[in-house]
>>> print(open('target_31.cif').read())   # mmCIF, N, CA and C atoms
data_data
#
loop_
_atom_site.label_atom_id
_atom_site.label_comp_id
_atom_site.auth_asym_id
_atom_site.auth_seq_id
_atom_site.Cartn_x
_atom_site.Cartn_y
_atom_site.Cartn_z
N MET A 1 217.32 147.79 184.68
CA MET A 1 216.72 146.70 183.95
C MET A 1 217.67 145.51 183.82
N LEU A 2 218.92 145.73 184.10
CA LEU A 2 219.89 144.64 183.96
C LEU A 2 219.64 143.52 184.97
N LEU A 3 219.43 143.87 186.22
CA LEU A 3 219.23 142.85 187.25
C LEU A 3 217.98 142.00 186.98
N PRO A 4 216.81 142.59 186.69
CA PRO A 4 215.66 141.75 186.37
C PRO A 4 215.88 140.88 185.14
N THR A 5 216.59 141.40 184.16
CA THR A 5 216.87 140.62 182.95
C THR A 5 217.72 139.40 183.29
N ILE A 6 218.73 139.59 184.11
CA ILE A 6 219.59 138.48 184.51
C ILE A 6 218.78 137.45 185.29
N LEU A 7 217.94 137.92 186.21
CA LEU A 7 217.15 137.00 187.02
C LEU A 7 216.16 136.19 186.18
N VAL A 8 215.61 136.81 185.14
CA VAL A 8 214.67 136.09 184.28
C VAL A 8 215.40 135.10 183.38
N GLN A 9 216.63 135.41 183.01
CA GLN A 9 217.39 134.52 182.13
C GLN A 9 217.97 133.30 182.86
N ILE A 10 218.11 133.37 184.16
CA ILE A 10 218.70 132.26 184.92
C ILE A 10 217.95 130.94 184.70
N PRO A 11 216.60 130.92 184.76
CA PRO A 11 215.91 129.63 184.57
C PRO A 11 216.12 128.99 183.19
N VAL A 12 216.43 129.77 182.18
CA VAL A 12 216.62 129.20 180.84
C VAL A 12 218.08 128.91 180.53
N TYR A 13 218.95 129.15 181.50
CA TYR A 13 220.38 128.86 181.30
C TYR A 13 220.55 127.36 181.08
N GLY A 14 221.23 127.00 180.01
CA GLY A 14 221.48 125.61 179.70
C GLY A 14 220.38 124.94 178.87
N LYS A 15 219.33 125.68 178.56
CA LYS A 15 218.25 125.13 177.74
C LYS A 15 218.64 125.26 176.26
N SER A 16 217.71 124.92 175.40
CA SER A 16 217.98 124.99 173.97
C SER A 16 218.13 126.44 173.52
N GLN A 17 218.75 126.61 172.37
CA GLN A 17 218.92 127.95 171.82
C GLN A 17 217.57 128.59 171.53
N ASP A 18 216.60 127.79 171.12
CA ASP A 18 215.27 128.34 170.85
C ASP A 18 214.64 128.90 172.12
N ALA A 19 214.75 128.18 173.22
CA ALA A 19 214.18 128.64 174.49
C ALA A 19 214.84 129.94 174.94
N ILE A 20 216.15 129.99 174.83
CA ILE A 20 216.88 131.20 175.21
C ILE A 20 216.51 132.36 174.30
N GLY A 21 216.39 132.08 173.02
CA GLY A 21 216.01 133.13 172.06
C GLY A 21 214.63 133.67 172.32
N TRP A 22 213.65 132.79 172.57
CA TRP A 22 212.28 133.26 172.84
C TRP A 22 212.22 134.05 174.14
N MET A 23 212.97 133.62 175.15
CA MET A 23 212.98 134.38 176.41
C MET A 23 213.63 135.74 176.18
N GLY A 24 214.69 135.79 175.40
CA GLY A 24 215.33 137.07 175.08
C GLY A 24 214.39 137.98 174.33
N LEU A 25 213.63 137.42 173.40
CA LEU A 25 212.65 138.22 172.66
C LEU A 25 211.58 138.77 173.59
N ALA A 26 211.08 137.94 174.49
CA ALA A 26 210.06 138.38 175.44
C ALA A 26 210.58 139.50 176.33
N ILE A 27 211.80 139.35 176.80
CA ILE A 27 212.41 140.38 177.65
C ILE A 27 212.57 141.69 176.86
N ALA A 28 213.02 141.60 175.63
CA ALA A 28 213.20 142.80 174.80
C ALA A 28 211.87 143.51 174.56
N ILE A 29 210.81 142.75 174.31
CA ILE A 29 209.49 143.35 174.09
C ILE A 29 209.01 144.07 175.35
N VAL A 30 209.17 143.42 176.51
CA VAL A 30 208.75 144.04 177.77
C VAL A 30 209.56 145.31 178.04
N GLU A 31 210.86 145.25 177.85
CA GLU A 31 211.70 146.42 178.11
C GLU A 31 211.38 147.57 177.15
N CYS A 32 211.16 147.28 175.88
CA CYS A 32 210.80 148.32 174.92
C CYS A 32 209.45 148.93 175.25
N THR A 33 208.52 148.10 175.68
CA THR A 33 207.20 148.61 176.07
C THR A 33 207.32 149.56 177.25
N ILE A 34 208.11 149.18 178.26
CA ILE A 34 208.32 150.04 179.43
C ILE A 34 208.93 151.37 179.00
N LEU A 35 209.92 151.33 178.13
CA LEU A 35 210.56 152.57 177.68
C LEU A 35 209.60 153.45 176.88
N LEU A 36 208.81 152.85 176.01
CA LEU A 36 207.87 153.64 175.21
C LEU A 36 206.77 154.23 176.06
N VAL A 37 206.28 153.47 177.04
CA VAL A 37 205.22 153.98 177.91
C VAL A 37 205.73 155.13 178.78
N SER A 38 207.00 155.11 179.14
CA SER A 38 207.56 156.18 179.96
C SER A 38 207.66 157.50 179.20
N ILE A 39 207.59 157.47 177.89
CA ILE A 39 207.66 158.69 177.10
C ILE A 39 206.43 159.56 177.30
N LEU A 40 205.26 158.95 177.42
CA LEU A 40 204.02 159.70 177.53
C LEU A 40 203.97 160.66 178.71
N PRO A 41 204.23 160.23 179.95
CA PRO A 41 204.21 161.21 181.04
C PRO A 41 205.31 162.26 180.94
N THR A 42 206.44 161.88 180.37
CA THR A 42 207.52 162.84 180.21
C THR A 42 207.12 163.94 179.24
N GLU A 43 206.53 163.57 178.12
CA GLU A 43 206.08 164.55 177.14
C GLU A 43 205.00 165.46 177.71
N ARG A 44 204.08 164.90 178.47
CA ARG A 44 203.03 165.72 179.10
C ARG A 44 203.63 166.73 180.05
N ALA A 45 204.58 166.29 180.88
CA ALA A 45 205.22 167.20 181.83
C ALA A 45 205.99 168.30 181.11
N LEU A 46 206.67 167.96 180.03
CA LEU A 46 207.39 168.98 179.27
C LEU A 46 206.43 169.97 178.62
N LYS A 47 205.32 169.47 178.11
CA LYS A 47 204.34 170.34 177.47
C LYS A 47 203.74 171.31 178.48
N GLN A 48 203.55 170.87 179.73
CA GLN A 48 202.99 171.73 180.76
C GLN A 48 204.02 172.75 181.25
N SER A 49 205.31 172.44 181.14
CA SER A 49 206.35 173.31 181.67
C SER A 49 206.92 174.29 180.66
N PHE A 50 206.78 173.99 179.35
CA PHE A 50 207.41 174.82 178.33
C PHE A 50 206.41 175.18 177.24
N THR A 51 206.64 176.33 176.60
CA THR A 51 205.82 176.72 175.46
C THR A 51 206.34 176.00 174.21
N ASP A 52 205.67 176.21 173.08
CA ASP A 52 206.10 175.59 171.83
C ASP A 52 207.46 176.11 171.37
N GLU A 53 207.82 177.31 171.83
CA GLU A 53 209.12 177.88 171.45
C GLU A 53 210.24 177.43 172.37
N GLY A 54 209.93 176.67 173.44
CA GLY A 54 210.94 176.18 174.35
C GLY A 54 211.21 177.08 175.53
N VAL A 55 210.35 178.07 175.74
CA VAL A 55 210.51 178.99 176.87
C VAL A 55 209.70 178.45 178.04
N ARG A 56 210.31 178.48 179.23
CA ARG A 56 209.62 177.99 180.43
C ARG A 56 208.39 178.86 180.71
N LYS A 57 207.28 178.20 181.01
CA LYS A 57 206.04 178.94 181.31
C LYS A 57 206.11 179.61 182.65
#
>>> encode(input="target_31.cif", output="structure tokens")
Amino acid sequence: MLLPTILVQIPVYGKSQDAIGWMGLAIAIVECTILLVSILPTERALKQSFTDEGVRK
């Protein structure tokens, strides 16, 4: 995620602090959304592979 973040920040380099702040906020929201959405398939896969006690099915 570092490289896309840097590439998105390049156009706002040298702009006002407000512009940089809003772009940083937008990037943070997108990155957090990606991380939260990735939890769902991981949890499903774990639930299919393990019992409630943590033993592999």
>>> select_by_dssp(input="target_31.cif", residues="chain A", states="alpha helix (DSSP H)", output="PyMOL selection string")
chain A and resi 2-9+17-49
>>> closest_residue(input="target_31.cif", among="A:Val37, A:Glu31, A:Thr42, A:Gly14", to="Met1 (chain A)", atoms="only C-alpha atoms")
A:Glu31
>>> residues_near_point(input="target_31.cif", point="(212.6, 143.7, 181.2)", cutoff="6.5 Å", atoms="all atoms listed in the file", output="PyMOL selection string")
chain A and resi 1+4-5+27-28+30-31
>>> atom_distance(input="target_31.cif", atom1="CA of Gly24 (chain A)", atom2="CA of Ser38 (chain A)")
21.2 Å
>>> residues_around(input="target_31.cif", residues="Trp22 (chain A)", least_positions_apart="6", cutoff="12 Å", atoms="only C-alpha atoms", output="ChimeraX atom specification")
/A:9,12,15-16,28-29
>>> write_last_selection(input="target_31.cif", atoms="N, CA and C atoms", output="CSV table (one decimal), keeping the file's coordinate frame")
chain,number,residue,atom,x,y,z
A,9,GLN,N,216.6,135.4,183.0
A,9,GLN,CA,217.4,134.5,182.1
A,9,GLN,C,218.0,133.3,182.9
A,12,VAL,N,216.4,129.8,182.2
A,12,VAL,CA,216.6,129.2,180.8
A,12,VAL,C,218.1,128.9,180.5
A,15,LYS,N,219.3,125.7,178.6
A,15,LYS,CA,218.2,125.1,177.7
A,15,LYS,C,218.6,125.3,176.3
A,16,SER,N,217.7,124.9,175.4
A,16,SER,CA,218.0,125.0,174.0
A,16,SER,C,218.1,126.4,173.5
A,28,ALA,N,213.0,141.6,175.6
A,28,ALA,CA,213.2,142.8,174.8
A,28,ALA,C,211.9,143.5,174.6
A,29,ILE,N,210.8,142.8,174.3
A,29,ILE,CA,209.5,143.4,174.1
A,29,ILE,C,209.0,144.1,175.4
